[in-house]
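Report on the following structure.
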Amino acid sequence: MKITFAEKKIQTSDALREYAAKKIGKLEKFFKEEPEASVTFSVLRGRHIAEVTLRAGGMIYRFSEETGDMYASIDSAVASIERQIRKNKTRLEKRLREGSLQDVMAEPAVVAGDEDEDDNYEIVRRKRFSLKPMTCEEAILQMKLLDHEFFAFRDQDNDGNFAVVYKRKNGGYGLIEDK
């Protein structure tokens with residue numbers, strides 16, 4: 001498994017990296033293809049944060065855990081990702097056999113500005129990604145795995161037209177479709 005480590009406001013030891021690699025390596029048994037993982041270690045106000053992102057079989061699993069000890073954060077994040085994988089195992093196996101899931105998904109652009117005073121809006125983040133065809137069910141699954149509020153995709157059931165699924169405040173999901 002290919003693992004990439006990143007550090008924010010912290011210097012990590014080789015022992016910590018080896019520990020994380022060993023724990024994350026155990027997740028490889030769930031996939032036919034070799035997964036890629038990235039681990040970000042950071043410290044914020046004395047709390048140790050381990051964010052683990054795993055890309056495998058066209059799916060992205062991400063979990064961030066914050067505890068008083070970096071080793072405990074790694075353990076908890078890996079356990080949470082394993083729960084996500086097990087929870088969706090049968091649906092994922094079906095989708096992996098079909099080979100129709102999106103390879104990489106990033107967050108859409110976030111727009112921020114002072115809406116009350118004038119029409120000057122500032123784009124504070126921009127990401128580009130390719131949209132691959134998938135069903136609404138697959139898009140909702142991917143949105144839940146990424147823990148996002150919405151997910152943009154090409155609707156396989158609607159001739160590949162642009163669509164967005166989103167979580168509704170009163171429960172359930174909504175779908176915005178291109179004509």
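The way I read the labels, and the way they are meant: chains A, B, ... in the order of the structure tokens, residue 1 as the first residue of every chain, and ligand 1 as the first ligand shown, with later ones counted on from there.
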Just want the 8 Å neighbourhood of range 8-19 of chain A, counted on only C-alpha atoms, with same-chain residues fewer than 6 positions away dropped. Output as a ChimeraX atom specification. /A:40-43,71
Restrict the selected residues to C-alpha atoms and save them as an mmCIF file, in the first residue's frame.
data_model
loop_
_atom_site.group_PDB
_atom_site.id
_atom_site.type_symbol
_atom_site.label_atom_id
_atom_site.label_comp_id
_atom_site.auth_asym_id
_atom_site.auth_seq_id
_atom_site.Cartn_x
_atom_site.Cartn_y
_atom_site.Cartn_z
ATOM 1 C CA THR A 40 -2.139 14.069 8.063
ATOM 2 C CA PHE A 41 -0.858 14.600 11.579
ATOM 3 C CA SER A 42 -1.590 17.910 13.289
ATOM 4 C CA VAL A 43 -1.849 19.488 16.712
ATOM 5 C CA TYR A 71 -1.495 6.882 18.680
#
DSSP on the backbone, strand (DSSP E) only: what residues of range 7-166 of chain A does that give? Format it as number ranges by chain. A: 7-8, 36-44, 47-56, 59-67, 110-113, 121-125, 133-134, 150-155, 161-166
With N, CA and C atoms kept, could you save the residues just selected as a compact mmCIF listing (two decimals), in the first residue's frame?
# COMPACT_ATOMS: atom_id res chain seq x y z
N GLU A 7 2.45 16.60 7.75
CA GLU A 7 2.50 17.09 9.12
C GLU A 7 2.13 18.57 9.15
N LYS A 8 1.30 18.94 10.10
CA LYS A 8 0.93 20.34 10.28
C LYS A 8 1.21 20.71 11.73
N GLU A 36 -4.49 3.50 -1.92
CA GLU A 36 -3.56 4.57 -1.60
C GLU A 36 -4.10 5.28 -0.36
N ALA A 37 -3.20 5.63 0.53
CA ALA A 37 -3.62 6.30 1.77
C ALA A 37 -2.80 7.56 1.98
N SER A 38 -3.44 8.54 2.59
CA SER A 38 -2.70 9.71 3.03
C SER A 38 -3.09 9.98 4.48
N VAL A 39 -2.09 10.30 5.26
CA VAL A 39 -2.29 10.54 6.68
C VAL A 39 -1.74 11.93 7.00
N THR A 40 -2.56 12.74 7.66
CA THR A 40 -2.14 14.07 8.06
C THR A 40 -2.15 14.13 9.58
N PHE A 41 -0.99 14.44 10.14
CA PHE A 41 -0.86 14.60 11.58
C PHE A 41 -0.86 16.10 11.89
N SER A 42 -1.62 16.51 12.90
CA SER A 42 -1.59 17.91 13.29
C SER A 42 -1.91 18.03 14.78
N VAL A 43 -1.57 19.19 15.31
CA VAL A 43 -1.85 19.49 16.71
C VAL A 43 -2.57 20.82 16.75
N LEU A 44 -3.68 20.87 17.47
CA LEU A 44 -4.45 22.09 17.60
C LEU A 44 -4.88 22.23 19.06
N ARG A 47 -4.52 19.22 21.27
CA ARG A 47 -5.23 18.01 20.84
C ARG A 47 -4.51 17.45 19.62
N HIS A 48 -4.32 16.14 19.60
CA HIS A 48 -3.62 15.47 18.51
C HIS A 48 -4.66 14.99 17.50
N ILE A 49 -4.50 15.40 16.24
CA ILE A 49 -5.47 15.08 15.19
C ILE A 49 -4.79 14.22 14.13
N ALA A 50 -5.42 13.10 13.82
CA ALA A 50 -4.96 12.22 12.74
C ALA A 50 -6.09 12.13 11.73
N GLU A 51 -5.83 12.59 10.51
CA GLU A 51 -6.81 12.49 9.43
C GLU A 51 -6.31 11.46 8.43
N VAL A 52 -7.11 10.43 8.23
CA VAL A 52 -6.74 9.34 7.33
C VAL A 52 -7.69 9.36 6.14
N THR A 53 -7.11 9.40 4.94
CA THR A 53 -7.89 9.33 3.70
C THR A 53 -7.41 8.12 2.92
N LEU A 54 -8.34 7.27 2.54
CA LEU A 54 -8.01 6.02 1.83
C LEU A 54 -8.75 6.02 0.50
N ARG A 55 -7.99 5.86 -0.59
CA ARG A 55 -8.58 5.77 -1.92
C ARG A 55 -8.37 4.36 -2.43
N ALA A 56 -9.48 3.70 -2.77
CA ALA A 56 -9.36 2.33 -3.26
C ALA A 56 -10.61 1.96 -4.04
N MET A 59 -13.43 4.42 -4.59
CA MET A 59 -14.10 5.01 -3.45
C MET A 59 -13.08 5.77 -2.60
N ILE A 60 -13.58 6.75 -1.87
CA ILE A 60 -12.73 7.53 -0.98
C ILE A 60 -13.31 7.42 0.43
N TYR A 61 -12.49 7.01 1.37
CA TYR A 61 -12.87 6.93 2.77
C TYR A 61 -12.04 7.96 3.52
N ARG A 62 -12.69 8.77 4.33
CA ARG A 62 -11.95 9.78 5.08
C ARG A 62 -12.50 9.84 6.49
N PHE A 63 -11.59 9.89 7.44
CA PHE A 63 -12.01 10.07 8.82
C PHE A 63 -10.93 10.82 9.57
N SER A 64 -11.34 11.76 10.39
CA SER A 64 -10.42 12.54 11.19
C SER A 64 -10.78 12.31 12.66
N GLU A 65 -9.77 12.06 13.45
CA GLU A 65 -10.00 11.81 14.88
C GLU A 65 -9.11 12.71 15.70
N GLU A 66 -9.66 13.23 16.78
CA GLU A 66 -8.95 14.16 17.65
C GLU A 66 -8.97 13.63 19.09
N THR A 67 -7.80 13.34 19.63
CA THR A 67 -7.69 12.87 21.01
C THR A 67 -6.48 13.53 21.67
N VAL A 110 -15.78 26.89 -2.80
CA VAL A 110 -16.51 27.52 -1.70
C VAL A 110 -16.52 29.01 -1.97
N VAL A 111 -17.68 29.62 -1.94
CA VAL A 111 -17.80 31.04 -2.20
C VAL A 111 -18.14 31.75 -0.91
N ALA A 112 -17.35 32.79 -0.59
CA ALA A 112 -17.61 33.57 0.62
C ALA A 112 -17.59 35.04 0.27
N GLY A 113 -18.34 35.85 0.99
CA GLY A 113 -18.34 37.28 0.75
C GLY A 113 -19.29 37.97 1.69
N TYR A 121 -17.95 39.40 -4.32
CA TYR A 121 -17.78 38.06 -3.76
C TYR A 121 -16.35 37.60 -4.01
N GLU A 122 -15.79 36.96 -3.02
CA GLU A 122 -14.42 36.48 -3.13
C GLU A 122 -14.42 34.95 -3.13
N ILE A 123 -13.80 34.35 -4.12
CA ILE A 123 -13.65 32.90 -4.16
C ILE A 123 -12.41 32.57 -3.35
N VAL A 124 -12.60 31.83 -2.26
CA VAL A 124 -11.50 31.54 -1.35
C VAL A 124 -10.87 30.18 -1.61
N ARG A 125 -11.53 29.35 -2.39
CA ARG A 125 -10.95 28.04 -2.70
C ARG A 125 -11.53 27.57 -4.01
N PRO A 133 -19.83 9.26 -14.75
CA PRO A 133 -21.21 8.79 -14.63
C PRO A 133 -21.39 7.80 -13.48
N MET A 134 -22.49 7.97 -12.75
CA MET A 134 -22.87 7.06 -11.67
C MET A 134 -24.35 7.22 -11.43
N PHE A 150 -23.31 17.80 0.06
CA PHE A 150 -23.79 17.61 -1.30
C PHE A 150 -22.71 16.95 -2.13
N PHE A 151 -23.12 16.46 -3.31
CA PHE A 151 -22.18 15.74 -4.17
C PHE A 151 -22.59 15.94 -5.62
N ALA A 152 -21.67 16.42 -6.44
CA ALA A 152 -21.92 16.64 -7.87
C ALA A 152 -21.45 15.42 -8.66
N PHE A 153 -22.23 15.05 -9.68
CA PHE A 153 -21.90 13.87 -10.48
C PHE A 153 -22.61 13.92 -11.83
N ARG A 154 -22.28 13.02 -12.71
CA ARG A 154 -22.98 12.84 -13.98
C ARG A 154 -23.97 11.70 -13.79
N ASP A 155 -25.25 11.98 -14.01
CA ASP A 155 -26.31 11.01 -13.77
C ASP A 155 -26.35 9.96 -14.87
N ASN A 161 -26.18 13.57 -17.76
CA ASN A 161 -26.35 14.99 -17.45
C ASN A 161 -25.85 15.31 -16.06
N PHE A 162 -25.45 16.55 -15.87
CA PHE A 162 -24.96 17.03 -14.58
C PHE A 162 -26.07 16.95 -13.54
N ALA A 163 -25.73 16.51 -12.32
CA ALA A 163 -26.70 16.42 -11.24
C ALA A 163 -25.99 16.61 -9.90
N VAL A 164 -26.77 16.99 -8.89
CA VAL A 164 -26.25 17.17 -7.53
C VAL A 164 -27.23 16.51 -6.57
N VAL A 165 -26.71 15.66 -5.67
CA VAL A 165 -27.52 15.15 -4.58
C VAL A 165 -27.11 15.90 -3.33
N TYR A 166 -28.07 16.09 -2.41
CA TYR A 166 -27.78 16.83 -1.19
C TYR A 166 -28.62 16.31 -0.05
DSSP-assigned alpha helix (DSSP H) members of chain A, reported as a ChimeraX atom specification: /A:14-25,70-87,89-98,136-146
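One distance worth recording is that between CA of Asp69 in chain A and CA of Gln84 in chain A, which is 22.8 Å.
Distance check against Arg86 in chain A using only C-alpha atoms: of A:Ala20, A:Met1, A:Leu27, A:Ala6, the minimum falls on A:Leu27.
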